[in-house]
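For reference, protein_24.cif (mmCIF, C-alpha atoms):
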```
data_start
loop_
_atom_site.label_atom_id
_atom_site.label_comp_id
_atom_site.auth_asym_id
_atom_site.auth_seq_id
_atom_site.Cartn_x
_atom_site.Cartn_y
_atom_site.Cartn_z
CA MET R 173 112.85 162.00 -1.24
CA THR R 174 111.82 160.89 -4.72
CA ALA R 175 111.30 163.17 -7.68
CA THR R 176 107.73 163.62 -8.89
CA GLY R 177 106.10 164.45 -12.18
CA THR R 178 105.67 168.07 -11.05
CA ALA R 179 109.41 168.65 -10.75
CA THR R 180 110.42 172.12 -11.95
CA THR R 181 114.20 171.99 -11.47
CA ARG R 182 115.77 172.35 -14.90
CA VAL R 183 118.35 169.65 -15.54
CA GLY R 184 121.09 169.41 -18.15
CA PHE R 185 122.86 166.14 -18.99
CA ILE R 186 126.09 165.55 -20.91
CA GLY R 187 127.55 162.09 -21.47
CA LEU R 188 124.95 159.84 -23.07
CA GLY R 189 126.89 156.59 -23.21
CA SER R 190 125.92 153.16 -21.91
CA GLN R 191 125.78 154.51 -18.35
CA GLY R 192 124.64 158.08 -18.89
CA ALA R 193 121.83 157.49 -21.38
CA PRO R 194 119.71 155.36 -18.98
CA MET R 195 120.31 157.91 -16.23
CA ALA R 196 119.15 160.76 -18.47
CA ARG R 197 116.12 158.77 -19.59
CA ARG R 198 115.06 158.23 -15.98
CA ILE R 199 115.33 161.97 -15.34
CA ALA R 200 113.14 162.63 -18.37
CA GLU R 201 110.63 159.99 -17.30
CA GLU R 202 110.20 161.80 -13.98
CA ALA R 203 109.20 164.92 -15.95
CA PHE R 204 112.14 167.12 -15.03
CA PRO R 205 112.67 169.72 -17.77
CA LEU R 206 115.75 168.14 -19.38
CA THR R 207 118.27 169.54 -21.87
CA LEU R 208 120.88 167.36 -23.54
CA TRP R 209 124.11 168.01 -25.41
CA GLY R 210 126.30 165.47 -27.18
CA ARG R 211 129.28 165.46 -29.49
CA ARG R 212 127.48 162.93 -31.68
CA ARG R 213 123.98 163.62 -32.98
CA ALA R 214 123.05 159.95 -32.62
CA THR R 215 123.25 160.14 -28.83
CA THR R 216 120.63 162.86 -28.61
CA ASP R 217 118.52 161.45 -31.46
CA ALA R 218 117.93 158.41 -29.24
CA PHE R 219 115.74 160.67 -27.07
CA SER R 220 113.44 161.75 -29.91
CA ASP R 221 110.59 159.90 -28.20
CA THR R 222 110.82 162.19 -25.15
CA ALA R 223 110.18 165.85 -24.46
CA VAL R 224 113.86 166.73 -23.94
CA ALA R 225 115.48 169.76 -25.53
CA VAL R 226 118.83 169.53 -27.32
CA ALA R 227 121.35 172.34 -26.86
CA ALA R 228 123.70 173.53 -29.59
CA THR R 229 126.63 174.00 -27.18
CA PRO R 230 127.49 173.11 -23.57
CA ALA R 231 127.10 176.82 -22.75
CA ASP R 232 123.53 176.78 -24.08
CA LEU R 233 122.85 173.70 -21.98
CA GLY R 234 124.25 175.48 -18.92
CA ALA R 235 122.02 178.50 -19.56
CA ALA R 236 118.97 176.23 -19.68
CA SER R 237 119.80 174.31 -16.49
CA ASP R 238 119.72 174.70 -12.72
CA ILE R 239 121.61 171.42 -12.26
CA VAL R 240 123.99 169.96 -14.86
CA CYS R 241 124.94 166.28 -14.67
CA LEU R 242 128.13 165.07 -16.35
CA CYS R 243 128.74 161.42 -17.19
CA VAL R 244 131.67 161.77 -19.60
CA VAL R 245 134.63 159.38 -19.60
CA THR R 246 137.86 161.14 -18.68
CA ASP R 247 139.20 164.00 -16.56
CA ALA R 248 139.99 165.87 -19.78
CA ASP R 249 136.38 165.45 -20.93
CA VAL R 250 135.08 166.90 -17.64
CA GLU R 251 137.34 169.93 -17.91
CA ASP R 252 136.56 170.41 -21.59
CA VAL R 253 132.77 170.52 -21.38
CA LEU R 254 132.88 172.76 -18.31
CA LEU R 255 135.76 175.14 -18.99
CA ARG R 256 136.10 175.59 -22.76
CA PRO R 257 135.03 178.96 -24.23
CA ASP R 258 131.53 177.65 -24.96
CA GLY R 259 131.52 175.37 -21.92
CA VAL R 260 128.82 174.83 -19.33
CA LEU R 261 130.20 177.37 -16.87
CA THR R 262 130.10 180.12 -19.50
CA GLY R 263 126.34 179.82 -19.82
CA MET R 264 125.22 178.72 -16.38
CA ALA R 265 123.73 181.33 -14.06
CA PRO R 266 125.01 181.92 -10.51
CA GLY R 267 123.37 179.55 -8.05
CA GLY R 268 123.60 176.54 -10.35
CA VAL R 269 125.08 173.16 -9.41
CA VAL R 270 127.27 170.83 -11.47
CA ALA R 271 127.19 167.13 -10.55
CA ILE R 272 130.16 165.10 -11.81
CA HIS R 273 129.09 161.46 -12.25
CA SER R 274 132.30 160.55 -14.09
CA THR R 275 135.00 158.62 -12.23
CA VAL R 276 137.91 161.06 -12.15
CA HIS R 277 140.71 162.26 -9.89
CA PRO R 278 139.42 164.16 -6.82
CA ASP R 279 141.80 166.99 -7.73
CA THR R 280 139.98 167.41 -11.04
CA CYS R 281 136.75 168.02 -9.13
CA ARG R 282 138.47 170.55 -6.88
CA ARG R 283 140.09 172.30 -9.84
CA VAL R 284 136.82 172.81 -11.73
CA ALA R 285 135.08 173.71 -8.46
CA ASP R 286 137.50 176.61 -7.98
CA GLU R 287 136.66 177.87 -11.48
CA ALA R 288 132.94 177.39 -10.85
CA ALA R 289 133.07 179.21 -7.51
CA GLU R 290 134.22 182.36 -9.30
CA ARG R 291 130.86 182.27 -11.09
CA GLU R 292 128.97 181.35 -7.87
CA ILE R 293 128.27 177.86 -9.19
CA ALA R 294 128.61 174.84 -6.89
CA VAL R 295 130.13 171.47 -7.76
CA VAL R 296 129.42 168.07 -6.26
CA ASP R 297 131.14 164.84 -7.19
CA ALA R 298 128.67 161.99 -7.56
CA PRO R 299 130.25 158.97 -9.29
CA VAL R 300 127.98 155.98 -9.77
CA SER R 301 128.22 152.20 -9.66
CA GLY R 302 125.91 149.53 -10.98
CA GLY R 303 125.66 149.94 -14.74
CA GLY R 304 122.99 151.10 -17.15
CA GLY R 305 120.56 148.38 -16.16
CA ALA R 306 120.66 149.51 -12.54
CA ALA R 307 119.99 153.10 -13.62
CA ALA R 308 116.90 152.03 -15.56
CA GLU R 309 115.67 150.19 -12.47
CA ARG R 310 116.43 153.14 -10.15
CA ARG R 311 119.01 151.21 -8.11
CA LEU R 312 122.33 152.80 -9.01
CA LEU R 313 124.69 153.57 -6.16
CA VAL R 314 125.63 157.26 -6.03
CA MET R 315 128.65 158.21 -3.92
CA SER R 316 128.50 161.96 -3.39
CA GLY R 317 130.87 164.57 -2.06
CA GLY R 318 130.38 168.28 -1.56
CA GLU R 319 128.51 170.73 0.61
CA GLU R 320 125.48 169.20 2.30
CA GLU R 321 123.09 171.80 0.91
CA ASP R 322 124.30 171.20 -2.64
CA VAL R 323 123.93 167.42 -2.37
CA VAL R 324 120.45 167.86 -0.89
CA ARG R 325 119.50 170.09 -3.79
CA CYS R 326 120.63 167.43 -6.27
CA ARG R 327 119.02 164.57 -4.37
CA PRO R 328 115.61 164.59 -6.15
CA VAL R 329 117.42 164.27 -9.48
CA PHE R 330 119.70 161.50 -8.21
CA ASP R 331 116.69 159.68 -6.77
CA THR R 332 115.26 159.22 -10.26
CA PHE R 333 117.96 156.66 -11.07
CA ALA R 334 119.65 155.77 -7.77
CA ASP R 335 119.14 154.00 -4.48
CA PRO R 336 121.11 154.47 -2.33
CA VAL R 337 122.56 157.96 -2.54
CA ILE R 338 125.35 158.21 0.03
CA HIS R 339 126.91 161.53 1.04
CA LEU R 340 130.48 160.78 2.12
CA GLY R 341 131.83 164.21 3.00
CA PRO R 342 133.48 167.19 1.31
CA LEU R 343 134.14 167.55 -2.40
CA GLY R 344 136.23 164.64 -3.68
CA SER R 345 134.90 162.16 -1.13
CA GLY R 346 132.62 160.50 -3.64
CA GLN R 347 135.52 159.97 -6.03
CA LEU R 348 137.64 158.45 -3.26
CA ALA R 349 134.84 156.00 -2.45
CA LYS R 350 134.36 155.05 -6.12
CA LEU R 351 138.08 154.56 -6.69
CA LEU R 352 138.38 152.43 -3.58
CA ASN R 353 135.35 150.38 -4.64
CA ASN R 354 136.79 149.79 -8.12
CA PHE R 355 140.20 148.98 -6.66
CA VAL R 356 138.72 146.31 -4.40
CA PHE R 357 136.56 144.93 -7.22
CA THR R 358 139.62 144.65 -9.46
CA ALA R 359 141.44 142.71 -6.74
CA GLN R 360 138.41 140.45 -6.25
CA VAL R 361 138.26 139.62 -9.96
CA GLY R 362 141.73 138.11 -9.75
CA LEU R 363 140.77 136.23 -6.62
CA ALA R 364 137.64 134.87 -8.31
CA LEU R 365 139.58 133.80 -11.41
CA ASP R 366 142.06 131.93 -9.24
CA THR R 367 139.23 130.38 -7.21
CA TYR R 368 137.51 128.92 -10.26
CA SER R 369 140.84 127.72 -11.67
CA LEU R 370 141.56 125.97 -8.38
CA ALA R 371 138.10 124.39 -8.50
CA ASP R 372 138.89 123.11 -11.99
CA GLY R 373 142.11 121.57 -10.72
CA LEU R 374 140.23 119.85 -7.93
CA GLY R 375 137.81 118.36 -10.44
CA MET R 376 134.86 120.43 -9.19
CA ASP R 377 131.99 121.78 -11.30
CA ARG R 378 132.28 125.56 -11.68
CA GLY R 379 128.54 126.11 -11.71
CA ALA R 380 128.13 124.24 -8.43
CA VAL R 381 131.05 126.13 -6.89
CA ALA R 382 129.45 129.42 -7.98
CA GLN R 383 126.25 128.44 -6.17
CA VAL R 384 128.21 127.69 -3.02
CA LEU R 385 129.98 131.04 -3.22
CA ALA R 386 126.69 132.83 -3.83
CA HIS R 387 125.38 131.55 -0.51
CA GLY R 388 128.61 131.05 1.43
CA THR R 389 131.00 133.35 3.22
CA GLY R 390 133.61 133.09 0.46
CA GLY R 391 131.51 134.75 -2.19
CA SER R 392 132.06 138.16 -3.79
CA ARG R 393 130.45 140.37 -6.40
CA ALA R 394 133.30 139.53 -8.77
CA ALA R 395 132.69 135.79 -8.40
CA ALA R 396 128.99 136.37 -9.10
CA VAL R 397 129.74 138.52 -12.18
CA LEU R 398 131.97 135.80 -13.61
CA ALA R 399 129.38 133.11 -12.95
CA ALA R 400 126.60 135.18 -14.53
CA SER R 401 128.71 135.58 -17.68
CA GLY R 402 129.12 131.83 -18.00
CA PHE R 403 132.71 132.26 -16.79
CA ARG R 404 133.59 134.24 -19.89
CA THR R 405 136.06 137.08 -19.41
CA GLU R 406 135.47 139.07 -22.61
CA GLY R 407 133.49 141.79 -20.84
CA LEU R 408 136.06 142.14 -18.09
CA ARG R 409 138.86 142.27 -20.66
CA ARG R 410 137.09 145.16 -22.39
CA ALA R 411 136.91 146.91 -19.02
CA VAL R 412 140.66 146.59 -18.37
CA PRO R 413 141.54 150.13 -19.59
CA LEU R 414 139.02 151.67 -17.18
CA LEU R 415 140.01 149.36 -14.33
CA ARG R 416 143.67 150.15 -14.94
CA LYS R 417 142.88 153.89 -14.92
CA ASP R 418 140.98 153.65 -11.64
CA VAL R 419 143.60 151.47 -9.96
CA GLY R 420 146.27 153.96 -11.03
CA LEU R 421 144.24 156.90 -9.72
CA LEU R 422 143.67 155.22 -6.36
CA LEU R 423 147.38 154.44 -5.96
CA ASP R 424 148.24 158.03 -6.90
CA VAL R 425 145.77 159.46 -4.38
CA ALA R 426 146.96 157.07 -1.67
CA GLU R 427 150.60 158.01 -2.25
CA ALA R 428 149.80 161.72 -2.14
CA ALA R 429 147.90 161.22 1.14
CA ARG R 430 150.77 159.11 2.54
CA ALA R 431 148.24 156.38 3.25
CA PRO R 432 149.47 152.85 4.06
CA LYS R 433 150.48 150.93 0.95
CA PRO R 434 147.64 148.62 -0.15
CA GLY R 435 149.87 145.55 0.08
CA THR R 436 147.91 142.39 -0.70
CA LEU R 437 145.09 144.34 -2.34
CA GLY R 438 147.56 146.07 -4.61
CA ASP R 439 149.20 142.78 -5.54
CA LEU R 440 145.83 141.23 -6.34
CA ALA R 441 144.72 144.21 -8.44
CA THR R 442 147.97 144.10 -10.44
CA HIS R 443 147.56 140.34 -10.84
CA THR R 444 144.04 140.85 -12.21
CA LEU R 445 145.12 143.42 -14.79
CA SER R 446 147.98 141.19 -15.94
CA THR R 447 145.79 138.09 -16.10
CA LEU R 448 143.14 139.85 -18.18
CA GLY R 449 145.74 141.07 -20.65
CA GLY R 450 146.31 144.60 -19.43
CA SER R 451 149.59 145.99 -18.24
CA PRO R 452 149.98 146.47 -14.48
CA ALA R 453 148.97 149.80 -12.98
CA PRO R 454 151.77 152.30 -12.43
#
```
As structure tokens, please, write out the structure in this file.
Amino acid sequence: MTATGTATTRVGFIGLGSQGAPMARRIAEEAFPLTLWGRRRATTDAFSDTAVAVAATPADLGAASDIVCLCVVTDADVEDVLLRPDGVLTGMAPGGVVAIHSTVHPDTCRRVADEAAEREIAVVDAPVSGGGGAAAERRLLVMSGGEEEDVVRCRPVFDTFADPVIHLGPLGSGQLAKLLNNFVFTAQVGLALDTYSLADGLGMDRGAVAQVLAHGTGGSRAAAVLAASGFRTEGLRRAVPLLRKDVGLLLDVAEAARAPKPGTLGDLATHTLSTLGGSPAP
């Protein structure tokens, strides 16, 4: 189901960074009544060409919204904008839904969901993958967790910026999928770096090798990302703090669940973080 210009669900959005801003713009372009809040005026000023409203506090945004989307950076940010005295939950009416697009610990989602439930507000976790460009082109991946009816209710909003939207199970399932995805990607970056270094040592042309990997069975998204950047690692190096956070979260969740140790994947992920200049995950 795709949202239409007659949408009447009131949406609030907090977290207007490089990922969140294109998502919010797509929601606005589909004519959902949209309210924004940001810590910095510049983030909301960027929407002056749209019909969005700007709230003075997260609580005011909650009061104006049936569904609130969060795309903030950290677990602490999620808890702050929802639970502080003038937070979203203070203003939101019973029956509302909060969608957490941030990549955070599944326990954070469960913790805020317990607080929200006392106010008869539902929470779904819906982390995303693909980047701002994918959001603008309506092809973000959304990995959702929560009650089926709550995810279905959010689906028209998600459809404005995402395809596919995958419901993975109960609350926290979306975060598990995102953490696993980022963990595997981190491992693949190290593998791709080593692959291109090996190609260099064999006297092969990196560009030609990248074409082979793009069409062969040995290719990966990480190898393609490196090739598209001209084999520059600056962007990946800037992402190391987030990759390290997500690798650490996945290892923490796996240990708590007494899941099998990731073995080779864990070694590769640690190798990647060290190679790119970050310290290994805990």
For the structure shown, which residues end up in the PyMOL selection byres ((chain R and resi 403) around 12)? Put them as a short mmCIF file (atom, residue, chain, number, x, y, z; two decimals) with C-alpha atoms, keeping the file's coordinate frame, please?
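Saved to expr-v3.cif:
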```
data_model
loop_
_atom_site.label_atom_id
_atom_site.label_comp_id
_atom_site.auth_asym_id
_atom_site.auth_seq_id
_atom_site.Cartn_x
_atom_site.Cartn_y
_atom_site.Cartn_z
CA VAL R 361 138.26 139.62 -9.96
CA ALA R 364 137.64 134.87 -8.31
CA LEU R 365 139.58 133.80 -11.41
CA THR R 367 139.23 130.38 -7.21
CA TYR R 368 137.51 128.92 -10.26
CA SER R 369 140.84 127.72 -11.67
CA ASP R 377 131.99 121.78 -11.30
CA ARG R 378 132.28 125.56 -11.68
CA GLY R 379 128.54 126.11 -11.71
CA VAL R 381 131.05 126.13 -6.89
CA ALA R 382 129.45 129.42 -7.98
CA ALA R 394 133.30 139.53 -8.77
CA ALA R 395 132.69 135.79 -8.40
CA ALA R 396 128.99 136.37 -9.10
CA VAL R 397 129.74 138.52 -12.18
CA LEU R 398 131.97 135.80 -13.61
CA ALA R 399 129.38 133.11 -12.95
CA ALA R 400 126.60 135.18 -14.53
CA SER R 401 128.71 135.58 -17.68
CA GLY R 402 129.12 131.83 -18.00
CA ARG R 404 133.59 134.24 -19.89
CA THR R 405 136.06 137.08 -19.41
CA GLU R 406 135.47 139.07 -22.61
CA GLY R 407 133.49 141.79 -20.84
CA LEU R 408 136.06 142.14 -18.09
#
```
Surrounding residues of Ala411 (chain R) excluding itself and chain neighbours under 5 positions, 12 Å, only C-alpha atoms, as a VMD selection string:
chain R and resid 354 357 to 358 361 405 to 406 416 to 418 444 to 445 448 to 450
CA of Arg182 (chain R) and CA of Asp286 (chain R) are how many Å apart?
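These two atoms are separated by 23.2 Å.
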Which one of R:Ala231, R:Leu414, R:Val324, R:Leu363 sits closest to Ser274 (chain R) if you count only C-alpha atoms?
R:Leu414
Find the axis-aligned box for region 205-215 of chain R, covering all its listed atoms and adding 5 Å on each side, and write its centre and edge lengths in Å to one decimal as lines of an AutoDock Vina configuration file.
```
center_x = 121.0
center_y = 164.8
center_z = -25.4
size_x = 26.6
size_y = 19.8
size_z = 25.2
```
Chain and number of each residue from the PyMOL selection byres ((chain R and resi 239-254) around 8), as an NGL selection string:
:R and (181-189 or 191-192 or 230 or 234 or 237-238 or 255-256 or 259-262 or 268-277 or 280 or 284 or 326)
Check what the PyMOL selection byres ((chain R and resi 297) around 9) selects in the file above and give those residues as a list in words.
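What the PyMOL selection byres ((chain R and resi 297) around 9) grabs from the file is Val270, Ala271, Ile272, His273, Ser274, Thr275, Pro278, Cys281, Val295, Val296, Ala298, Pro299, Met315, Ser316, Gly317, Gly318, Leu343, Gly344, Ser345, Gly346 and Gln347 of chain R.
Near region 301-305 of chain R, within a cut-off of 8 Å and counting all atoms listed in the file, sit the residues Ser190, Gln191, Gly192, Ala193, Pro194, Met195, Arg311, Leu312, Leu313, Val314 and Lys350 of chain R, with same-chain residues fewer than 5 positions away left out.
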Identify which of the residues R:Pro257, R:Val300, R:Ala386, R:Glu427 lies closest to Val337 (chain R), counting all atoms listed in the file when measuring atom-to-atom distances.
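Once distances to Val337 (chain R) are computed over all atoms listed in the file, the minimum belongs to R:Val300.
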May I ask for the distance between CA of Gly388 (chain R) and CA of Phe355 (chain R), given in Å to one decimal place?
22.8 Å
